[in-house]
$ cat protein_25.cif   # mmCIF, C-alpha atoms and all ligand atoms
data_final
loop_
_atom_site.label_atom_id
_atom_site.label_comp_id
_atom_site.auth_asym_id
_atom_site.auth_seq_id
_atom_site.Cartn_x
_atom_site.Cartn_y
_atom_site.Cartn_z
CA MET A 1 -0.24 -27.84 143.57
CA ARG A 2 -3.55 -26.09 144.04
CA LEU A 3 -4.70 -25.26 147.56
CA ILE A 4 -7.76 -27.55 147.23
CA THR A 5 -5.42 -30.52 146.65
CA TYR A 6 -3.56 -29.76 149.91
CA ILE A 7 -6.88 -29.98 151.75
CA LYS A 8 -8.32 -32.97 149.88
CA GLU A 9 -5.32 -35.29 150.03
CA PRO A 10 -5.10 -35.74 153.84
CA ILE A 11 -8.89 -36.23 154.03
CA LYS A 12 -8.69 -38.86 151.28
CA ARG A 13 -5.88 -40.65 153.12
CA MET A 14 -7.92 -40.70 156.34
CA ALA A 15 -11.00 -41.92 154.49
CA ARG A 16 -8.99 -44.74 152.92
CA LYS A 17 -7.40 -45.66 156.25
CA PHE A 18 -10.76 -45.95 158.00
CA ARG A 19 -12.50 -47.43 154.93
CA ILE A 20 -14.93 -44.54 154.75
CA ASN A 21 -16.63 -43.66 151.49
CA ILE A 22 -17.03 -39.94 151.28
CA GLY A 23 -19.38 -39.30 148.38
CA LEU A 24 -17.80 -36.13 147.09
CA ILE A 25 -14.20 -37.20 147.55
CA ASN A 26 -12.68 -39.79 145.27
CA THR A 27 -11.00 -42.39 147.53
CA ASN A 28 -9.91 -44.38 144.48
CA GLU A 29 -12.58 -47.00 145.13
CA TYR A 30 -15.29 -47.81 142.64
CA THR A 31 -18.51 -46.95 144.45
CA PRO A 32 -21.29 -46.84 141.83
CA TRP A 33 -24.03 -46.92 144.51
CA LEU A 34 -23.15 -43.38 145.52
CA ASN A 35 -23.97 -42.02 142.08
CA ASN A 36 -26.89 -44.30 141.24
CA GLU A 37 -29.68 -41.74 141.41
CA GLU A 38 -32.52 -44.20 140.96
CA PHE A 39 -31.22 -46.53 143.67
CA ASN A 40 -30.72 -43.65 146.10
CA LEU A 41 -34.19 -42.28 145.36
CA ILE A 42 -35.86 -45.63 146.12
CA TYR A 43 -33.56 -46.39 149.06
CA ASN A 44 -34.53 -43.05 150.63
CA LYS A 45 -38.20 -43.97 150.25
CA VAL A 46 -37.83 -47.40 151.90
CA GLN A 47 -35.10 -46.60 154.41
CA LEU A 48 -37.39 -46.15 157.42
CA ASN A 49 -39.12 -49.46 156.64
CA THR A 50 -36.01 -51.64 156.59
CA LEU A 51 -33.58 -53.05 159.13
CA SER A 52 -31.12 -53.89 156.37
CA THR A 53 -28.15 -51.69 155.50
CA TYR A 54 -27.52 -49.36 152.58
CA HIS A 55 -24.90 -51.69 151.08
CA ARG A 56 -27.02 -54.81 151.47
CA CYS A 57 -29.94 -53.01 149.83
CA TYR A 58 -27.69 -52.07 146.93
CA GLU A 59 -26.70 -55.71 146.57
CA LEU A 60 -30.36 -56.80 146.45
CA TRP A 61 -30.92 -54.07 143.85
CA ASN A 62 -28.09 -55.45 141.69
CA LEU A 63 -28.94 -59.11 142.12
CA ILE A 64 -32.56 -58.62 141.10
CA LYS A 65 -31.30 -56.92 137.94
CA GLU A 66 -28.90 -59.84 137.39
CA SER A 67 -31.76 -62.30 137.81
CA LYS A 68 -33.39 -60.97 134.64
CA LYS A 69 -31.14 -63.52 132.87
CA LEU A 70 -33.19 -66.29 134.56
CA SER A 71 -36.85 -67.23 134.66
CA GLY A 72 -39.23 -67.76 137.57
CA GLU A 73 -40.79 -65.84 140.41
CA ILE A 74 -39.24 -63.87 143.27
CA ILE A 75 -39.87 -64.32 146.99
CA GLU A 76 -38.87 -62.65 150.24
CA ILE A 77 -39.52 -64.29 153.59
CA GLY A 78 -39.19 -61.85 156.48
CA THR A 79 -40.67 -58.63 155.16
CA TRP A 80 -41.38 -56.74 158.41
CA ARG A 81 -42.40 -53.21 157.30
CA GLY A 82 -41.67 -53.89 153.64
CA GLY A 83 -38.46 -51.91 153.05
CA SER A 84 -36.27 -54.55 151.42
CA GLY A 85 -39.35 -56.17 149.83
CA ALA A 86 -40.44 -52.91 148.17
CA LEU A 87 -36.93 -52.31 146.85
CA ILE A 88 -36.90 -55.85 145.41
CA ALA A 89 -40.37 -55.37 143.91
CA TYR A 90 -39.37 -52.04 142.35
CA GLN A 91 -36.34 -53.55 140.60
CA SER A 92 -38.31 -56.62 139.63
CA LYS A 93 -41.06 -54.52 138.02
CA LYS A 94 -38.39 -52.85 135.91
CA HIS A 95 -36.19 -55.82 135.00
CA CYS A 96 -38.36 -58.92 135.44
CA PRO A 97 -41.80 -57.51 134.55
CA ASN A 98 -43.43 -60.93 134.21
CA SER A 99 -42.28 -62.08 137.62
CA LYS A 100 -44.52 -62.13 140.67
CA VAL A 101 -42.94 -60.98 143.95
CA TYR A 102 -44.16 -62.83 147.05
CA LEU A 103 -43.65 -60.97 150.32
CA CYS A 104 -44.09 -63.25 153.33
CA ASP A 105 -44.34 -62.41 157.01
CA THR A 106 -46.17 -63.58 160.09
CA PHE A 107 -46.75 -59.89 160.98
CA LYS A 108 -46.53 -61.25 164.54
CA GLY A 109 -42.76 -61.32 164.68
CA VAL A 110 -40.11 -64.02 164.75
CA VAL A 111 -41.25 -67.63 165.24
CA LYS A 112 -39.56 -70.97 166.01
CA SER A 113 -36.61 -69.52 167.94
CA GLY A 114 -34.75 -72.24 169.84
CA GLU A 115 -31.50 -73.53 171.22
CA ASN A 116 -29.52 -72.57 168.10
CA ASP A 117 -30.45 -68.92 168.49
CA ASN A 118 -28.37 -67.00 170.99
CA ASN A 119 -30.22 -63.73 170.96
CA TYR A 120 -33.59 -64.01 169.27
CA TYR A 121 -36.95 -64.83 170.86
CA ASP A 122 -40.39 -65.40 169.40
CA GLY A 123 -42.34 -62.21 168.81
CA GLU A 124 -39.40 -59.93 168.02
CA HIS A 125 -40.10 -57.50 165.15
CA SER A 126 -43.86 -57.76 165.66
CA ASP A 127 -44.09 -53.96 165.35
CA THR A 128 -45.56 -54.06 161.85
CA SER A 129 -48.70 -55.02 159.94
CA LYS A 130 -49.79 -56.09 156.49
CA SER A 131 -51.22 -52.61 155.91
CA ASP A 132 -47.82 -50.99 156.67
CA VAL A 133 -46.40 -52.99 153.77
CA GLU A 134 -49.41 -52.31 151.54
CA ASN A 135 -49.07 -48.56 152.14
CA LEU A 136 -45.39 -48.56 151.18
CA LEU A 137 -46.08 -50.58 148.03
CA LYS A 138 -48.86 -48.16 147.11
CA LYS A 139 -46.56 -45.16 147.60
CA LEU A 140 -44.13 -46.71 145.11
CA ASN A 141 -46.92 -47.66 142.73
CA LEU A 142 -46.05 -51.36 142.88
CA ASN A 143 -48.70 -53.86 141.84
CA ASN A 144 -46.50 -56.89 141.10
CA THR A 145 -46.56 -58.30 144.64
CA LYS A 146 -48.60 -60.81 146.62
CA ILE A 147 -48.41 -60.63 150.42
CA LEU A 148 -48.60 -63.94 152.29
CA GLU A 149 -49.49 -63.49 155.96
CA GLY A 150 -48.55 -66.29 158.36
CA VAL A 151 -45.69 -68.64 159.15
CA PHE A 152 -43.87 -69.61 155.96
CA PRO A 153 -43.82 -72.30 154.61
CA GLU A 154 -46.19 -74.13 156.96
CA GLU A 155 -49.17 -71.75 156.91
CA THR A 156 -48.91 -69.90 153.62
CA SER A 157 -46.93 -71.79 150.95
CA HIS A 158 -50.14 -73.51 149.76
CA GLN A 159 -51.09 -70.11 148.28
CA ILE A 160 -48.27 -70.52 145.74
CA ASP A 161 -49.00 -72.69 142.71
CA GLN A 162 -47.15 -76.01 143.08
CA ASN A 163 -45.62 -75.66 139.60
CA GLU A 164 -44.07 -72.26 140.14
CA VAL A 165 -40.28 -72.00 140.16
CA PHE A 166 -38.09 -69.21 141.53
CA ARG A 167 -35.17 -67.12 140.29
CA PHE A 168 -34.51 -65.24 143.53
CA CYS A 169 -35.19 -65.68 147.23
CA HIS A 170 -34.37 -63.28 150.07
CA ILE A 171 -34.41 -64.93 153.52
CA ASP A 172 -34.46 -62.54 156.47
CA VAL A 173 -36.06 -64.44 159.36
CA ASP A 174 -33.32 -64.26 162.04
CA VAL A 175 -33.53 -67.82 163.47
CA TYR A 176 -32.39 -71.35 162.59
CA ASP A 177 -35.59 -73.43 162.43
CA SER A 178 -37.53 -70.93 160.31
CA ALA A 179 -34.64 -70.42 157.93
CA LYS A 180 -34.06 -74.19 157.62
CA SER A 181 -37.67 -74.99 156.66
CA ILE A 182 -37.58 -72.14 154.14
CA MET A 183 -34.29 -73.34 152.63
CA ASP A 184 -35.67 -76.91 152.38
CA TRP A 185 -38.82 -75.59 150.68
CA ILE A 186 -37.20 -73.23 148.19
CA TRP A 187 -34.16 -75.25 147.07
CA PRO A 188 -35.99 -77.76 144.79
CA LYS A 189 -38.03 -74.88 143.33
CA LEU A 190 -34.99 -72.74 142.46
CA VAL A 191 -34.02 -72.68 138.77
CA PRO A 192 -30.37 -73.40 137.84
CA GLY A 193 -28.50 -70.12 138.37
CA GLY A 194 -31.17 -69.11 140.89
CA ILE A 195 -30.02 -66.96 143.80
CA ILE A 196 -30.71 -67.14 147.55
CA VAL A 197 -29.61 -64.29 149.79
CA PHE A 198 -29.49 -64.61 153.58
CA ASP A 199 -29.56 -61.19 155.17
CA ASP A 200 -28.29 -62.19 158.61
CA TYR A 201 -25.05 -64.14 158.06
CA GLY A 202 -22.87 -61.25 159.19
CA ALA A 203 -24.75 -60.67 162.44
CA LEU A 204 -23.29 -62.18 165.61
CA ASN A 205 -26.73 -62.00 167.22
CA CYS A 206 -28.09 -64.34 164.52
CA SER A 207 -26.15 -67.47 165.55
CA GLY A 208 -28.85 -69.74 164.10
CA ILE A 209 -28.42 -68.26 160.62
CA ILE A 210 -24.62 -68.50 160.83
CA LYS A 211 -25.00 -72.18 161.82
CA LEU A 212 -27.47 -72.96 159.03
CA VAL A 213 -25.44 -71.23 156.31
CA ASN A 214 -22.28 -73.00 157.49
CA GLU A 215 -24.12 -76.36 157.27
CA GLU A 216 -25.34 -75.58 153.75
CA LYS A 217 -22.36 -73.87 152.13
CA ASP A 218 -20.18 -76.85 151.19
CA LYS A 219 -22.86 -78.87 149.38
CA ASN A 220 -21.88 -79.69 145.81
CA ASP A 221 -24.98 -78.45 144.02
CA ARG A 222 -24.28 -74.78 144.73
CA LEU A 223 -21.81 -71.94 144.78
CA PHE A 224 -21.45 -70.02 148.01
CA ILE A 225 -20.39 -66.40 148.37
CA HIS A 226 -19.67 -64.81 151.74
CA ASN A 227 -20.08 -61.16 150.99
CA ILE A 228 -18.42 -59.07 153.65
CA ASN A 229 -21.40 -56.71 153.76
CA GLY A 230 -23.01 -59.50 155.85
CA HIS A 231 -24.93 -61.33 153.13
CA ALA A 232 -24.55 -65.05 152.47
CA ILE A 233 -25.36 -65.83 148.85
CA PHE A 234 -26.09 -69.21 147.28
CA ILE A 235 -26.25 -69.80 143.54
CA LYS A 236 -27.74 -73.10 142.35
CA LYS A 237 -25.56 -74.97 139.87
C1 LIG B 301 -35.51 -58.70 160.48
S1 LIG B 301 -37.18 -58.71 160.09
C2 LIG B 301 -37.20 -58.50 158.32
C3 LIG B 301 -36.68 -57.15 157.89
C4 LIG B 301 -36.96 -56.80 156.45
N1 LIG B 301 -36.49 -57.78 155.51
C5 LIG B 301 -36.30 -55.46 156.12
O1 LIG B 301 -36.82 -54.74 155.29
O2 LIG B 301 -35.26 -55.14 156.69
C6 LIG B 301 -37.59 -60.39 160.28
C7 LIG B 301 -39.05 -60.71 159.95
O3 LIG B 301 -39.17 -62.10 159.72
C8 LIG B 301 -40.48 -62.50 160.05
N2 LIG B 301 -40.47 -63.97 160.16
C9 LIG B 301 -39.62 -64.73 160.90
N3 LIG B 301 -39.85 -66.05 160.68
C10 LIG B 301 -40.85 -66.12 159.76
C11 LIG B 301 -41.52 -67.20 159.10
N4 LIG B 301 -41.18 -68.50 159.31
N5 LIG B 301 -42.51 -66.91 158.23
C12 LIG B 301 -42.85 -65.62 157.97
N6 LIG B 301 -42.24 -64.57 158.55
C13 LIG B 301 -41.25 -64.80 159.42
C14 LIG B 301 -40.75 -61.73 161.33
O4 LIG B 301 -42.13 -61.57 161.57
C15 LIG B 301 -40.05 -60.38 161.05
O5 LIG B 301 -40.96 -59.41 160.59
#
$ encode --input "protein_25.cif" --output "structure tokens" --more "lines below"
Ligand SMILES: C[S@@+](CC[C@H](N)C(=O)[O-])C[C@H]1O[C@@H](n2cnc3c(N)ncnc32)[C@H](O)[C@@H]1O
Amino acid sequence: MRLITYIKEPIKRMARKFRINIGLINTNEYTPWLNNEEFNLIYNKVQLNTLSTYHRCYELWNLIKESKKLSGEIIEIGTWRGGSGALIAYQSKKHCPNSKVYLCDTFKGVVKSGENDNNYYDGEHSDTSKSDVENLLKKLNLNNTKILEGVFPEETSHQIDQNEVFRFCHIDVDVYDSAKSIMDWIWPKLVPGGIIVFDDYGALNCSGIIKLVNEEKDKNDRLFIHNINGHAIFIKK
């Protein structure tokens, strides 16, 4: 056995034991995100503008590509500084070039927090602005987006044509009441096969989102996937 193997094997065993992906060491797990140069390039450009994780961003990246098999527009509610939204818009430009990407935020932080939310209060994540998002989109040369500023759906959904349907929706709004009105608005507009991703299902400090997803997941008109990266995913039958 070569010396390098003596050194690599115990490190690989440790990495496997603690479920660590070490890019240069093969832990016998299929980890295509590590070698996806385009994803890593864009992720590095949006990283400072997102609160989402590397693995969740990779899932958005993949699901937008998957949604090219469907028709309709794309929407994110809860855009903050634009990180996940820009990543979505980048993939959409490439794979769904005829699709518009709506990016929606109050730019005044979380709204409608209430008794279902154990840890979130109105105004959290207000440290952003529409121009922060515009600047990021410009840096990535993205012109397929429309930013809607205000509480969604109440204040801004009228800016979307009533006849538009959606292939993909990313909901990242942290609290129950906001997420519920968004879910009620988007569901009838989602095409069959259409995908909804909740960012916050894996977060103990987002009790309102856990409650809402648990109320929604057993309905018969959908498939539900609890991805252990923290995403909750719904696919319309
Ligand atoms: C966790 S941040 C979003 C993070 C972002 N998706 C990222 O790149 O990681 C949550 C955002 O949701 C926004 N928000 C919450 N409820 C909303 C609503 N009903 N309409 C529009 N924006 C909302 C807040 O202003 C905040 O910027």
$ closest_residue --input "protein_25.cif" --among "A:Ile42, A:Ile77, A:Leu140, A:Ile225" --to "ligand LIG 301 (chain B)" --atoms "only C-alpha atoms and all ligand atoms"
A:Ile77
$ closest_residue --input "protein_25.cif" --among "A:Asp122, A:Asp117, A:Asp221, A:Asp105" --to "A:Leu204" --atoms "all atoms listed in the file"
A:Asp117
$ residues_near_ligand --input "protein_25.cif" --ligand "ligand LIG 301 (chain B)" --cutoff "6 Å" --atoms "only C-alpha atoms and all ligand atoms" --output "list in words"
Asn49, Thr50, Leu51, Ser52, Ile77, Gly78, Thr79, Trp80, Gly82, Gly83, Ser84, Cys104, Asp105, Thr106, Phe107, Lys108, Gly109, Val110, Val111, His125, Ser126, Gly150, Val151, Phe152, Asp172, Val173 and Ser178 of chain A
$ write_last_selection --input "protein_25.cif" --atoms "C-alpha atoms" --output "compact mmCIF listing (two decimals), in the coordinates of the input"
# COMPACT_ATOMS: atom_id res chain seq x y z
CA ASN A 49 -39.12 -49.46 156.64
CA THR A 50 -36.01 -51.64 156.59
CA LEU A 51 -33.58 -53.05 159.13
CA SER A 52 -31.12 -53.89 156.37
CA ILE A 77 -39.52 -64.29 153.59
CA GLY A 78 -39.19 -61.85 156.48
CA THR A 79 -40.67 -58.63 155.16
CA TRP A 80 -41.38 -56.74 158.41
CA GLY A 82 -41.67 -53.89 153.64
CA GLY A 83 -38.46 -51.91 153.05
CA SER A 84 -36.27 -54.55 151.42
CA CYS A 104 -44.09 -63.25 153.33
CA ASP A 105 -44.34 -62.41 157.01
CA THR A 106 -46.17 -63.58 160.09
CA PHE A 107 -46.75 -59.89 160.98
CA LYS A 108 -46.53 -61.25 164.54
CA GLY A 109 -42.76 -61.32 164.68
CA VAL A 110 -40.11 -64.02 164.75
CA VAL A 111 -41.25 -67.63 165.24
CA HIS A 125 -40.10 -57.50 165.15
CA SER A 126 -43.86 -57.76 165.66
CA GLY A 150 -48.55 -66.29 158.36
CA VAL A 151 -45.69 -68.64 159.15
CA PHE A 152 -43.87 -69.61 155.96
CA ASP A 172 -34.46 -62.54 156.47
CA VAL A 173 -36.06 -64.44 159.36
CA SER A 178 -37.53 -70.93 160.31
$ residues_around --input "protein_25.cif" --residues "A:Glu115" --least-positions-apart "4" --cutoff "10 Å" --atoms "all atoms listed in the file" --output "ChimeraX atom specification"
/A:119-120,175-177,207-208
$ atom_distance --input "protein_25.cif" --atom1 "atom CA of A:Arg56" --atom2 "atom CA of A:Gln159"
28.7 Å
$ axis_aligned_box --input "protein_25.cif" --around "stretch 201-215 of chain A" --padding-each-side "6 Å" --output "lines of an AutoDock Vina configuration file"
center_x = -25.6
center_y = -68.5
center_z = 161.8
size_x = 18.6
size_y = 27.7
size_z = 22.9
$ residues_around --input "protein_25.cif" --residues "A:Ile160" --least-positions-apart "2" --cutoff "12 Å" --atoms "only C-alpha atoms" --output "PyMOL selection string"
chain A and resi 73-75+100-104+146-148+152-158+162-166+185-186+189
$ atom_distance --input "protein_25.cif" --atom1 "atom CA of A:Asn135" --atom2 "atom CA of A:Val46"
11.3 Å
$ atom_distance --input "protein_25.cif" --atom1 "atom CA of A:Arg222" --atom2 "atom CA of A:Tyr90"
27.4 Å
$ closest_residue --input "protein_25.cif" --among "A:Ala86, A:Leu70, A:Cys206, A:Ile64" --to "A:Gln47" --atoms "all atoms listed in the file"
A:Ala86
$ closest_residue --input "protein_25.cif" --among "A:Cys96, A:Leu48, A:Ile228, A:Ile235" --to "A:Asp132" --atoms "only C-alpha atoms"
A:Leu48
$ closest_residue --input "protein_25.cif" --among "A:Phe198, A:Trp187, A:Trp61, A:Tyr30" --to "A:Lys237" --atoms "all atoms listed in the file"
A:Trp187
$ closest_residue --input "protein_25.cif" --among "A:Asn141, A:Glu66, A:Met183, A:Ile209" --to "A:Gly114" --atoms "all atoms listed in the file"
A:Ile209
